[in-house]
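Undergrad: The following file, query-v2.cif, comprises mmCIF, C-alpha atoms:
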```
data_final
#
loop_
_atom_site.label_atom_id
_atom_site.label_comp_id
_atom_site.auth_asym_id
_atom_site.auth_seq_id
_atom_site.Cartn_x
_atom_site.Cartn_y
_atom_site.Cartn_z
CA MET A 26 33.48 50.45 65.73
CA ARG A 27 35.54 49.14 62.85
CA ARG A 28 39.17 50.24 62.94
CA PRO A 29 40.50 51.96 59.79
CA SER A 30 42.72 49.82 57.64
CA LEU A 31 46.45 50.33 57.97
CA LEU A 32 46.51 50.33 54.18
CA ALA A 33 44.08 53.26 53.93
CA LEU A 34 45.53 55.73 51.43
CA SER A 35 45.83 59.03 53.27
CA PRO A 36 46.81 62.13 51.24
CA LEU A 37 50.38 61.77 52.48
CA ARG A 38 50.56 58.11 51.51
CA ALA A 39 49.01 58.99 48.15
CA LEU A 40 51.86 61.48 47.68
CA ILE A 41 54.46 58.81 48.49
CA ALA A 42 52.74 56.38 46.13
CA ALA A 43 52.76 59.03 43.40
CA GLN A 44 56.48 59.64 43.99
CA LEU A 45 57.23 55.94 43.61
CA VAL A 46 55.13 55.84 40.43
CA VAL A 47 57.07 58.76 38.94
CA ILE A 48 60.40 57.15 39.89
CA SER A 49 59.30 53.88 38.30
CA ALA A 50 57.90 55.56 35.18
CA ALA A 51 61.02 57.68 34.69
CA GLY A 52 63.16 54.62 35.30
CA LEU A 53 61.23 52.52 32.78
CA ALA A 54 61.47 55.34 30.24
CA THR A 55 65.22 55.29 30.79
CA VAL A 56 65.30 51.52 30.33
CA PHE A 57 63.27 51.30 27.14
CA SER A 58 63.27 54.75 25.51
CA LEU A 59 66.95 55.59 25.36
CA PRO A 60 67.78 54.39 21.84
CA LYS A 61 71.52 54.09 22.42
CA PHE A 62 74.15 54.40 25.11
CA THR A 63 74.31 57.63 27.08
CA GLY A 64 77.18 59.08 29.07
CA ASP A 65 79.76 56.44 30.01
CA GLU A 66 77.27 53.59 29.58
CA ILE A 67 79.08 52.03 26.61
CA ALA A 68 82.32 51.57 28.58
CA HIS A 69 80.50 50.01 31.55
CA PHE A 70 78.62 47.68 29.18
CA SER A 71 81.91 46.59 27.61
CA TYR A 72 83.35 45.89 31.08
CA VAL A 73 80.39 43.60 31.87
CA GLN A 74 80.74 41.94 28.47
CA SER A 75 84.44 41.20 29.04
CA VAL A 76 83.66 39.53 32.36
CA ALA A 77 80.64 37.59 31.04
CA GLU A 78 82.03 36.42 27.71
CA GLU A 79 85.79 36.32 28.22
CA GLY A 80 85.97 35.57 31.94
CA ARG A 81 88.43 38.39 32.62
CA LEU A 82 88.63 42.01 33.71
CA PRO A 83 89.36 44.36 30.80
CA LEU A 84 92.63 46.30 30.67
CA MET A 85 92.69 50.07 30.78
CA GLY A 86 94.21 51.12 27.47
CA PRO A 87 94.46 47.97 25.30
CA SER A 88 90.85 46.77 25.69
CA LEU A 89 88.46 48.15 23.08
CA ILE A 90 84.69 48.30 23.27
CA SER A 91 83.03 45.34 21.58
CA PRO A 92 81.65 45.37 18.02
CA GLN A 93 78.15 44.90 19.44
CA ALA A 94 78.55 47.90 21.76
CA GLU A 95 79.86 50.01 18.89
CA ALA A 96 76.88 49.05 16.71
CA ILE A 97 74.38 49.89 19.46
CA TYR A 98 76.13 53.22 20.03
CA GLU A 99 75.94 54.08 16.33
CA GLY A 100 72.32 52.90 16.10
CA THR A 101 73.09 50.24 13.47
CA TYR A 102 72.64 47.07 15.57
CA PRO A 103 72.17 44.21 14.64
CA SER A 104 74.16 45.32 11.60
CA PRO A 105 77.83 46.10 12.29
CA GLY A 106 78.91 49.60 13.17
CA ARG A 107 80.52 51.79 10.54
CA LEU A 108 83.42 53.03 12.70
CA ASP A 109 86.51 51.26 13.99
CA PRO A 110 86.66 51.55 17.81
CA ALA A 111 90.48 51.51 17.64
CA LYS A 112 90.34 54.79 15.69
CA ARG A 113 87.82 56.54 17.95
CA GLY A 114 90.30 57.52 20.65
CA LEU A 115 89.04 57.34 24.22
CA GLY A 116 85.45 56.68 23.11
CA GLY A 117 86.45 53.43 21.46
CA ARG A 118 88.20 51.99 24.49
CA SER A 119 86.95 50.23 27.60
CA TYR A 120 87.95 53.27 29.64
CA GLU A 121 86.03 52.23 32.77
CA ALA A 122 88.32 49.19 33.16
CA PHE A 123 89.96 50.81 36.21
CA GLN A 124 86.74 50.49 38.21
CA PRO A 125 86.48 47.96 41.08
CA PRO A 126 84.92 44.71 39.84
CA LEU A 127 81.95 43.88 42.10
CA TYR A 128 79.12 45.36 40.00
CA TYR A 129 80.50 43.81 36.81
CA LEU A 130 80.97 40.39 38.38
CA LEU A 131 77.39 40.43 39.67
CA SER A 132 76.05 41.63 36.30
CA ALA A 133 77.81 38.92 34.30
CA ALA A 134 75.22 36.21 35.08
CA PRO A 135 72.13 38.18 33.94
CA PHE A 136 74.14 39.37 30.92
CA ARG A 137 74.67 35.75 29.87
CA LEU A 138 71.06 34.79 30.62
CA ALA A 139 69.70 37.48 28.30
CA GLY A 140 70.54 35.39 25.22
CA GLY A 141 72.14 36.61 22.02
CA ASP A 142 70.29 39.89 21.54
CA TYR A 143 72.57 42.64 22.86
CA VAL A 144 69.82 45.26 22.97
CA THR A 145 67.96 42.91 25.33
CA LYS A 146 71.12 42.69 27.42
CA VAL A 147 71.26 46.49 27.62
CA ARG A 148 67.65 46.70 28.77
CA LEU A 149 68.06 43.91 31.31
CA LEU A 150 71.07 45.60 32.90
CA ARG A 151 69.13 48.86 33.03
CA LEU A 152 66.18 47.07 34.66
CA ILE A 153 68.57 45.80 37.33
CA GLY A 154 69.63 49.40 37.91
CA LEU A 155 65.99 50.42 38.38
CA ALA A 156 65.47 47.55 40.84
CA LEU A 157 68.50 48.76 42.82
CA LEU A 158 67.07 52.28 42.91
CA LEU A 159 63.69 51.06 44.21
CA ALA A 160 65.48 48.92 46.80
CA ALA A 161 67.31 52.08 47.91
CA ALA A 162 63.91 53.79 48.32
CA LEU A 163 62.81 50.96 50.62
CA LEU A 164 65.98 51.27 52.72
CA LEU A 165 65.50 55.05 52.86
CA TRP A 166 62.08 54.41 54.40
CA ARG A 167 63.65 52.14 57.03
CA LEU A 168 66.31 54.77 57.71
CA THR A 169 63.66 57.45 58.11
CA VAL A 170 61.74 55.33 60.62
CA GLU A 171 64.96 54.73 62.58
CA VAL A 172 65.82 58.44 62.64
CA ILE A 173 62.32 59.68 63.53
CA GLY A 174 61.43 56.78 65.81
CA ASP A 175 57.78 56.38 64.79
CA ARG A 176 56.35 54.92 61.59
CA ASP A 177 53.38 57.27 61.25
CA ALA A 178 55.36 60.36 62.20
CA ALA A 179 58.08 59.38 59.73
CA GLU A 180 55.86 59.63 56.65
CA PRO A 181 56.23 63.37 55.89
CA TYR A 182 59.98 63.13 56.50
CA PHE A 183 60.21 60.21 54.09
CA ALA A 184 58.14 62.00 51.44
CA PHE A 185 60.54 64.94 51.58
CA ALA A 186 63.70 62.80 51.52
CA LEU A 187 62.31 60.65 48.70
CA THR A 188 62.27 63.66 46.38
CA ALA A 189 66.03 63.10 45.96
CA LEU A 190 65.29 59.85 44.12
CA LEU A 191 63.21 61.85 41.64
CA TRP A 192 66.23 63.83 40.51
CA PRO A 193 66.87 63.16 36.82
CA GLY A 194 70.59 62.90 37.57
CA ILE A 195 70.11 60.21 40.19
CA ILE A 196 67.61 58.21 38.13
CA LEU A 197 69.73 58.38 34.97
CA ARG A 198 72.96 57.43 36.78
CA ALA A 199 71.34 54.62 38.78
CA VAL A 200 69.33 53.07 35.95
CA THR A 201 71.72 53.31 33.01
CA ILE A 202 74.48 50.71 32.91
CA SER A 203 77.19 51.50 35.46
CA ASN A 204 78.23 50.73 39.00
CA SER A 205 76.34 53.81 40.23
CA GLY A 206 73.09 51.97 41.00
CA LEU A 207 74.79 49.47 43.28
CA GLU A 208 76.91 52.22 44.83
CA PHE A 209 73.76 54.26 45.55
CA LEU A 210 72.04 51.29 47.21
CA ILE A 211 75.11 50.54 49.33
CA GLY A 212 75.34 54.20 50.39
CA VAL A 213 71.78 54.19 51.77
CA ALA A 214 72.22 50.73 53.32
CA LEU A 215 75.45 51.79 54.98
CA THR A 216 73.85 54.88 56.48
CA LEU A 217 71.04 52.72 57.88
CA LEU A 218 73.43 50.14 59.32
CA LEU A 219 75.65 52.78 60.92
CA TRP A 220 72.60 54.47 62.44
CA ARG A 221 71.45 51.22 64.01
CA ALA A 222 74.96 50.37 65.23
CA TRP A 223 75.26 53.78 66.91
CA SER A 224 71.76 53.70 68.42
CA GLN A 225 72.04 50.14 69.73
CA ARG A 226 75.73 50.31 70.72
CA SER A 227 76.13 47.11 68.69
CA ALA A 228 79.62 45.90 67.88
CA GLY A 229 78.08 43.25 65.62
CA LEU A 230 76.28 45.84 63.49
CA LEU A 231 79.48 47.87 63.40
CA ILE A 232 81.37 44.91 61.96
CA GLY A 233 78.52 44.46 59.47
CA ALA A 234 78.97 48.10 58.44
CA ALA A 235 82.70 47.48 57.91
CA VAL A 236 81.86 44.55 55.63
CA LEU A 237 79.42 46.76 53.72
CA VAL A 238 82.13 49.40 53.33
CA GLY A 239 84.32 46.69 51.82
CA PHE A 240 81.59 45.79 49.33
CA GLY A 241 81.10 49.49 48.62
CA LEU A 242 84.79 50.05 47.88
CA LEU A 243 84.74 47.00 45.61
CA THR A 244 81.88 48.71 43.78
CA ARG A 245 83.28 52.24 43.54
CA LEU A 246 86.05 54.00 45.43
CA THR A 247 83.85 57.05 46.03
CA ILE A 248 82.33 55.12 48.96
CA ILE A 249 85.34 56.41 50.93
CA VAL A 250 83.17 59.43 51.84
CA PHE A 251 81.47 57.16 54.41
CA ILE A 252 84.69 55.96 56.07
CA PRO A 253 85.10 58.92 58.51
CA GLY A 254 81.53 58.30 59.69
CA LEU A 255 82.33 54.61 60.16
CA LEU A 256 85.40 55.45 62.27
CA ILE A 257 83.53 57.97 64.43
CA CYS A 258 80.67 55.51 64.88
CA ALA A 259 83.19 52.82 65.86
CA PHE A 260 84.69 55.12 68.50
CA ILE A 261 81.26 55.90 70.00
CA VAL A 262 80.00 52.32 69.92
CA LEU A 263 83.11 50.58 71.22
CA ARG A 264 83.69 53.12 73.96
CA GLN A 265 80.22 52.54 75.40
CA SER A 266 79.39 48.95 74.42
CA GLN A 267 79.13 46.31 77.16
CA ILE A 268 81.88 44.03 75.92
CA SER A 269 85.28 43.06 77.24
CA ALA A 270 88.38 45.12 76.49
CA ARG A 271 89.77 42.31 74.34
CA ALA A 272 86.56 42.11 72.29
CA ARG A 273 86.59 45.88 71.97
CA TRP A 274 90.11 45.88 70.51
CA LEU A 275 89.26 43.01 68.18
CA ALA A 276 86.21 44.87 66.92
CA ALA A 277 88.25 48.03 66.38
CA ALA A 278 90.84 46.07 64.42
CA GLY A 279 88.08 44.43 62.39
CA VAL A 280 86.56 47.78 61.40
CA VAL A 281 89.89 48.79 59.88
CA ALA A 282 91.09 45.43 58.59
CA ILE A 283 87.93 43.98 57.04
CA PRO A 284 87.56 46.52 54.20
CA ALA A 285 91.30 46.36 53.52
CA LEU A 286 91.29 42.56 53.34
CA MET A 287 88.25 42.56 51.07
CA MET A 288 89.98 45.01 48.74
CA ALA A 289 93.33 43.18 48.73
CA PRO A 290 92.76 40.77 45.78
CA TRP A 291 91.67 43.56 43.44
CA LEU A 292 94.46 45.90 44.59
CA LEU A 293 97.07 43.17 44.05
CA SER A 294 95.56 42.48 40.63
CA ASN A 295 96.04 46.15 39.73
CA LEU A 296 99.61 46.00 40.96
CA ASP A 297 100.25 43.12 38.60
CA ARG A 298 98.42 44.62 35.61
CA TYR A 299 99.20 48.32 35.98
CA GLY A 300 102.11 48.60 38.38
CA SER A 301 100.03 50.53 40.95
CA LEU A 302 97.31 49.65 43.45
CA THR A 303 94.49 51.49 41.69
CA GLY A 304 95.82 51.88 38.16
CA SER A 305 95.57 55.66 38.60
CA ARG A 306 98.74 56.32 36.58
CA VAL A 307 97.34 54.53 33.52
CA VAL A 308 93.97 56.24 33.98
CA ARG A 309 95.59 59.67 33.93
CA GLN A 310 97.75 58.88 30.93
CA LEU A 311 94.72 57.78 28.95
CA MET A 312 92.19 60.38 30.11
CA GLU A 313 94.19 63.53 30.74
CA PRO A 314 94.54 64.43 27.03
CA PHE A 315 90.74 64.27 26.84
CA PHE A 316 89.81 66.03 30.11
CA ASN A 317 92.69 68.50 30.36
CA PRO A 318 94.20 68.84 26.88
CA ASP A 319 95.78 72.23 27.66
CA GLY A 320 97.58 70.99 30.78
CA ILE A 321 95.92 73.55 33.06
CA LYS A 322 97.36 73.74 36.59
CA TYR A 323 94.50 74.15 39.03
CA THR A 324 94.75 76.49 42.02
CA LEU A 325 92.59 77.64 44.94
CA SER A 326 91.00 80.22 42.65
CA ASP A 327 89.39 77.37 40.69
CA ILE A 328 87.52 75.98 43.70
CA PRO A 329 84.51 78.40 43.68
CA SER A 330 83.67 77.68 40.03
CA ARG A 331 83.93 73.94 40.67
CA LEU A 332 81.62 74.20 43.68
CA LEU A 333 79.08 75.92 41.44
CA VAL A 334 79.25 72.88 39.16
CA VAL A 335 78.33 70.62 42.08
CA THR A 336 75.13 72.63 42.64
CA ARG A 337 73.81 71.33 39.31
CA ALA A 338 73.45 67.91 40.94
CA PRO A 339 69.70 67.35 40.29
CA LEU A 340 70.29 67.27 36.52
CA ALA A 341 72.55 64.77 34.75
CA GLU A 342 75.65 66.21 33.08
CA GLU A 343 74.33 65.22 29.65
CA TRP A 344 71.70 67.95 29.89
CA TRP A 345 73.61 70.80 31.50
CA ILE A 346 74.46 72.73 28.36
CA GLU A 347 71.15 72.26 26.57
CA LEU A 348 68.75 72.72 29.46
CA LEU A 349 70.42 74.97 32.02
CA SER A 350 70.11 78.62 31.12
CA GLY A 351 71.89 81.20 33.27
CA LEU A 352 68.75 81.79 35.35
CA LYS A 353 68.14 78.08 35.91
CA ARG A 354 71.74 77.60 37.01
CA TRP A 355 71.49 80.35 39.60
CA VAL A 356 68.18 79.00 40.90
CA LEU A 357 69.74 75.55 41.25
CA THR A 358 72.80 77.06 42.95
CA ALA A 359 70.62 78.89 45.47
CA LEU A 360 68.49 75.84 46.25
CA MET A 361 71.39 73.40 46.56
CA THR A 362 73.47 75.80 48.64
CA ALA A 363 70.52 76.26 50.98
CA LEU A 364 70.18 72.48 51.26
CA VAL A 365 73.86 71.91 52.09
CA VAL A 366 74.16 74.86 54.49
CA LEU A 367 70.77 75.01 56.20
CA ALA A 368 70.20 71.28 56.69
CA PRO A 369 73.01 70.91 59.28
CA LEU A 370 72.31 74.32 60.85
CA GLY A 371 68.74 73.29 61.60
CA VAL A 372 69.86 70.60 64.04
CA LEU A 373 72.80 72.36 65.73
CA ARG A 374 70.70 73.17 68.81
CA LEU A 375 68.93 69.85 68.92
CA ARG A 376 68.86 68.02 72.24
CA PRO A 377 70.20 65.67 73.43
CA ARG A 378 73.70 66.48 72.23
CA GLU A 379 74.45 62.92 71.16
CA ARG A 380 71.45 62.79 68.81
CA ARG A 381 72.66 66.02 67.22
CA THR A 382 76.12 64.52 66.77
CA GLN A 383 74.67 61.33 65.33
CA LEU A 384 72.62 63.24 62.78
CA LEU A 385 75.53 65.41 61.66
CA VAL A 386 78.09 62.60 61.49
CA LEU A 387 75.96 60.07 59.65
CA LEU A 388 73.80 62.31 57.45
CA ALA A 389 75.89 65.42 56.74
CA LEU A 390 79.53 64.39 57.09
CA PRO A 391 79.67 62.20 53.93
CA ILE A 392 78.77 65.19 51.73
CA ALA A 393 81.39 67.36 53.47
CA VAL A 394 84.05 64.65 53.10
CA GLY A 395 83.18 64.24 49.42
CA ILE A 396 83.62 67.97 48.74
CA VAL A 397 86.93 68.07 50.64
CA TRP A 398 88.12 65.02 48.70
CA MET A 399 87.22 66.68 45.40
CA CYS A 400 89.22 69.76 46.42
CA TYR A 401 92.19 67.56 47.33
CA VAL A 402 92.12 65.75 43.99
CA LEU A 403 91.87 69.06 42.10
CA LEU A 404 94.70 70.83 43.94
CA VAL A 405 97.11 68.02 44.79
CA LEU A 406 96.59 65.61 41.89
CA ASN A 407 95.58 68.32 39.39
CA TRP A 408 92.54 66.30 38.34
CA ASP A 409 89.11 67.90 37.90
CA PHE A 410 86.95 65.52 39.92
CA PHE A 411 84.03 67.90 40.56
CA LEU A 412 81.10 65.87 39.25
CA PRO A 413 77.94 65.75 41.40
CA ARG A 414 77.34 62.06 40.66
CA TYR A 415 80.20 61.13 43.00
CA LEU A 416 78.13 62.55 45.88
CA TYR A 417 74.83 60.88 44.97
CA PRO A 418 75.05 58.01 47.53
CA ALA A 419 75.19 60.60 50.34
CA VAL A 420 72.35 62.78 49.00
CA PRO A 421 69.42 60.81 50.55
CA GLY A 422 71.00 61.21 53.99
CA LEU A 423 71.40 64.95 53.47
CA MET A 424 67.78 65.26 52.30
CA LEU A 425 66.64 63.39 55.39
CA LEU A 426 68.70 65.75 57.54
CA ALA A 427 67.02 68.68 55.81
CA ALA A 428 63.67 67.07 56.58
CA VAL A 429 64.60 66.78 60.27
CA SER A 430 65.58 70.46 60.28
CA ILE A 431 62.30 71.53 58.67
CA GLY A 432 60.35 69.20 60.97
CA ARG A 433 61.62 71.12 64.01
CA LEU A 434 59.81 74.25 62.81
CA ARG A 435 56.31 75.13 63.94
CA ARG A 436 53.92 72.95 61.93
CA GLY A 437 56.96 71.21 60.55
CA ALA A 438 55.06 68.13 59.34
CA ARG A 439 52.77 70.32 57.26
CA ALA A 440 55.75 72.22 55.84
CA LEU A 441 57.40 68.92 54.88
CA THR A 442 54.26 67.70 53.12
CA VAL A 443 53.81 70.95 51.21
CA GLY A 444 57.49 71.02 50.29
CA ALA A 445 57.52 67.39 49.14
CA THR A 446 54.37 67.96 47.07
CA ALA A 447 55.82 71.05 45.39
CA ILE A 448 59.18 69.39 44.62
CA THR A 449 57.46 66.27 43.32
CA ALA A 450 55.21 68.31 41.03
CA LEU A 451 58.17 70.32 39.72
CA LEU A 452 60.29 67.24 39.05
CA THR A 453 57.37 65.42 37.43
CA ILE A 454 56.95 68.34 35.02
CA TRP A 455 60.69 68.34 34.44
CA TRP A 456 60.64 64.64 33.60
CA ALA A 457 57.69 65.14 31.25
CA TYR A 458 59.73 67.77 29.42
CA LEU A 459 62.87 65.62 29.34
CA SER A 460 60.90 62.85 27.62
CA THR A 461 60.52 65.16 24.61
CA VAL A 462 64.23 65.94 24.10
CA GLU A 463 67.54 64.15 23.61
CA PRO A 464 68.53 61.49 24.49
CA PHE A 465 64.99 60.11 24.90
CA THR A 466 63.94 61.10 21.37
CA GLY A 467 66.93 59.46 19.70
#
```
Would you kindly transcribe this structure into structure tokens?
TA:
Amino acid sequence: MRRPSLLALSPLRALIAAQLVVISAAGLATVFSLPKFTGDEIAHFSYVQSVAEEGRLPLMGPSLISPQAEAIYEGTYPSPGRLDPAKRGLGGRSYEAFQPPLYYLLSAAPFRLAGGDYVTKVRLLRLIGLALLLAAALLLWRLTVEVIGDRDAAEPYFAFALTALLWPGIILRAVTISNSGLEFLIGVALTLLLWRAWSQRSAGLLIGAAVLVGFGLLTRLTIIVFIPGLLICAFIVLRQSQISARARWLAAAGVVAIPALMMAPWLLSNLDRYGSLTGSRVVRQLMEPFFNPDGIKYTLSDIPSRLLVVTRAPLAEEWWIELLSGLKRWVLTALMTALVVLAPLGVLRLRPRERRTQLLVLLALPIAVGIVWMCYVLLVLNWDFFLPRYLYPAVPGLMLLAAVSIGRLRRGARALTVGATAITALLTIWWAYLSTVEPFTG
């Protein structure tokens, strides 16, 4: 009897294929249909342009966006823009210049290769963002197989976790020009590498994870949400690995020192340019009049309202006001709260105990750390940092944890498939609607 082909398209694989098609279609629409910059895209583009054309990092404050970027933003390119960036306040400045440089250094080469048409440069950089998002989907599949332990059994779990990459917020942030796409890819890759290091008790993979953390921090400082998981994983791995005491101490030192050494050149550059390691003082001086013009002093009473803001994560901030009615906001709040609360609870009684700990530390802890960090920044630094996009790199892990929790129920695989199908259908309809409104319609 002839064996069925491994490539036979079962209903579940058809669902996964459809999800990838929707992600690609939504990503391509973002690449080619957005007529001008959206969100902070113009400032990120100017950062790349400074590196590619001037061979330097821009300065927070003095550096203005380029004439080409201004013209694209106004919709007049290739003709010059009508406004003077120097007179546009924060919007006319390269206000993302405080960001770590890795994404911008990597993007400089394709920026130069795109020729003299700056609209083509915009689309090429967006295409790179889409490629990074699809690469993250591939790594999420590998992570799912590692967590579940069987390729065939992993499919419904993957289909459920993959719905996170259909979120309009994640697609828009990853595909439009910014360091978010690379940060998102590194977040998924880091979770996979830490899972393998823990499972295999591998000091080598642990050191590899430390290197990846260094690259992540050089992409965006929000990768710090993964550092507690790295340290806990290091403790577990080095305590039980079959290596000498000296090698164990060297590995422990490497986990701490490698990211710090990788960050050192950029931090020292900031010290020279801004007088502080991260340039945070200059950032606050420039941005605080825009984000907190009334000088509000935040207190514990502000935390609940900020947590509600985080529950709008599936939709990009650009569309919150226009598309989120009161009812939609409460529905999103209920669904996202259930995800954050119930996903960890579903594995609390899982056996063996170490697998439960591994799941919680590597898949749930980054979200918890991110929320605690946001609270710290709000209360101690008096800076409203509650934007869901800063948690996006940890969202696939949390969705996979939710899938594991649902999979433990009776007929869990069926529930995962039905849930993934329903979420995919809903988000596909949502994307179809978004294609008819701003910013896609110009």
Undergrad: From the list A:Ile153, A:Leu434, A:Leu34, A:Leu59, which residue is nearest Leu375 in chain A when using only C-alpha atoms?
TA: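 Looking only at the distances to Leu375 in chain A, the closest residue turns out to be A:Leu434.
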Undergrad: Let me know the residues the PyMOL selection byres ((chain A and resi 228) around 12) catches in the file above, as a PyMOL selection string.
TA: chain A and resi 218-219+221-227+229-235+255+258-269+272-280
Undergrad: I would like the residues chosen by the PyMOL selection byres ((chain A and resi 207) around 10) on the shown file; could you give them as a PyMOL selection string?
TA: chain A and resi 127-128+153-154+156-158+160-161+199-200+203-206+208-212+240-241+244-245+418
Undergrad: Any chance you can output those residues with C-alpha atoms as a compact mmCIF listing (two decimals), in the coordinates of the input?
TA:
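The resulting file, selection27.txt, is shown below:
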```txt
# COMPACT_ATOMS: atom_id res chain seq x y z
CA LEU A 127 81.95 43.88 42.10
CA TYR A 128 79.12 45.36 40.00
CA ILE A 153 68.57 45.80 37.33
CA GLY A 154 69.63 49.40 37.91
CA ALA A 156 65.47 47.55 40.84
CA LEU A 157 68.50 48.76 42.82
CA LEU A 158 67.07 52.28 42.91
CA ALA A 160 65.48 48.92 46.80
CA ALA A 161 67.31 52.08 47.91
CA ALA A 199 71.34 54.62 38.78
CA VAL A 200 69.33 53.07 35.95
CA SER A 203 77.19 51.50 35.46
CA ASN A 204 78.23 50.73 39.00
CA SER A 205 76.34 53.81 40.23
CA GLY A 206 73.09 51.97 41.00
CA GLU A 208 76.91 52.22 44.83
CA PHE A 209 73.76 54.26 45.55
CA LEU A 210 72.04 51.29 47.21
CA ILE A 211 75.11 50.54 49.33
CA GLY A 212 75.34 54.20 50.39
CA PHE A 240 81.59 45.79 49.33
CA GLY A 241 81.10 49.49 48.62
CA THR A 244 81.88 48.71 43.78
CA ARG A 245 83.28 52.24 43.54
CA PRO A 418 75.05 58.01 47.53
```
Undergrad: Specify as a list in words each residue included when the PyMOL selection byres ((chain A and resi 450) around 12) is applied to this file.
TA: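 Checked against the file, the PyMOL selection byres ((chain A and resi 450) around 12) matches Leu40, Ala43, Gln44, Val47, Thr188, Leu191, Trp192, Val443, Gly444, Ala445, Thr446, Ala447, Ile448, Thr449, Leu451, Leu452, Thr453, Ile454, Trp455, Trp456 and Ala457 of chain A.
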Undergrad: Against range 67-84 of chain A, which residues of range 254-311 of chain A fall within 12 Å? For each one I want the closest pair of atoms and the distance in Å (one decimal), counting only C-alpha atoms, rows by chain and increasing residue number, as a tab-separated table.
TA:
```
residue	atom	partner	partner_atom	distance
A:Trp291	CA	A:Leu82	CA	10.3
A:Ser294	CA	A:Leu82	CA	9.8
A:Asn295	CA	A:Leu84	CA	9.7
A:Asp297	CA	A:Leu84	CA	11.4
A:Arg298	CA	A:Leu84	CA	7.8
A:Tyr299	CA	A:Leu84	CA	8.7
A:Gly304	CA	A:Leu84	CA	9.9
A:Val307	CA	A:Leu84	CA	9.9
A:Val308	CA	A:Leu84	CA	10.6
A:Leu311	CA	A:Leu84	CA	11.8
```
Undergrad: List the spatial neighbours of range 111-120 of chain A as a PDB file with C-alpha atoms, in the coordinates of the input - criterion: any atom at most 6 Å away, only C-alpha atoms, same-chain residues fewer than 5 positions off excluded.
TA:
```
ATOM      1  CA  ALA A  68      82.320  51.570  28.580  1.00  0.00           C
ATOM      2  CA  MET A  85      92.690  50.070  30.780  1.00  0.00           C
ATOM      3  CA  SER A  88      90.850  46.770  25.690  1.00  0.00           C
ATOM      4  CA  LEU A  89      88.460  48.150  23.080  1.00  0.00           C
ATOM      5  CA  ILE A  90      84.690  48.300  23.270  1.00  0.00           C
TER       6      ILE A  90
END
```
Undergrad: Nearest residue to Ile196 in chain A out of A:Pro181, A:Pro135, A:Pro339, A:Gly300, using all atoms listed in the file?
TA: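 Ranked by minimum distance to Ile196 in chain A, first place goes to A:Pro339.
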Undergrad: Between CA of Leu412 in chain A and CA of Val335 in chain A, what distance in Å does the model show, to one decimal?
TA: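 So the two atoms, CA of Leu412 in chain A and CA of Val335 in chain A, lie 6.2 Å apart.
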Undergrad: What does the distance from CA of Leu237 in chain A to CA of Leu159 in chain A come to in Å, to one decimal?
TA: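 A separation of 18.9 Å between them.
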Undergrad: To one decimal place in Å, what is the distance between CA of Pro391 in chain A and CA of Val356 in chain A?
TA: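 Interatomic distance, CA of Pro391 in chain A to CA of Val356 in chain A: 24.2 Å.
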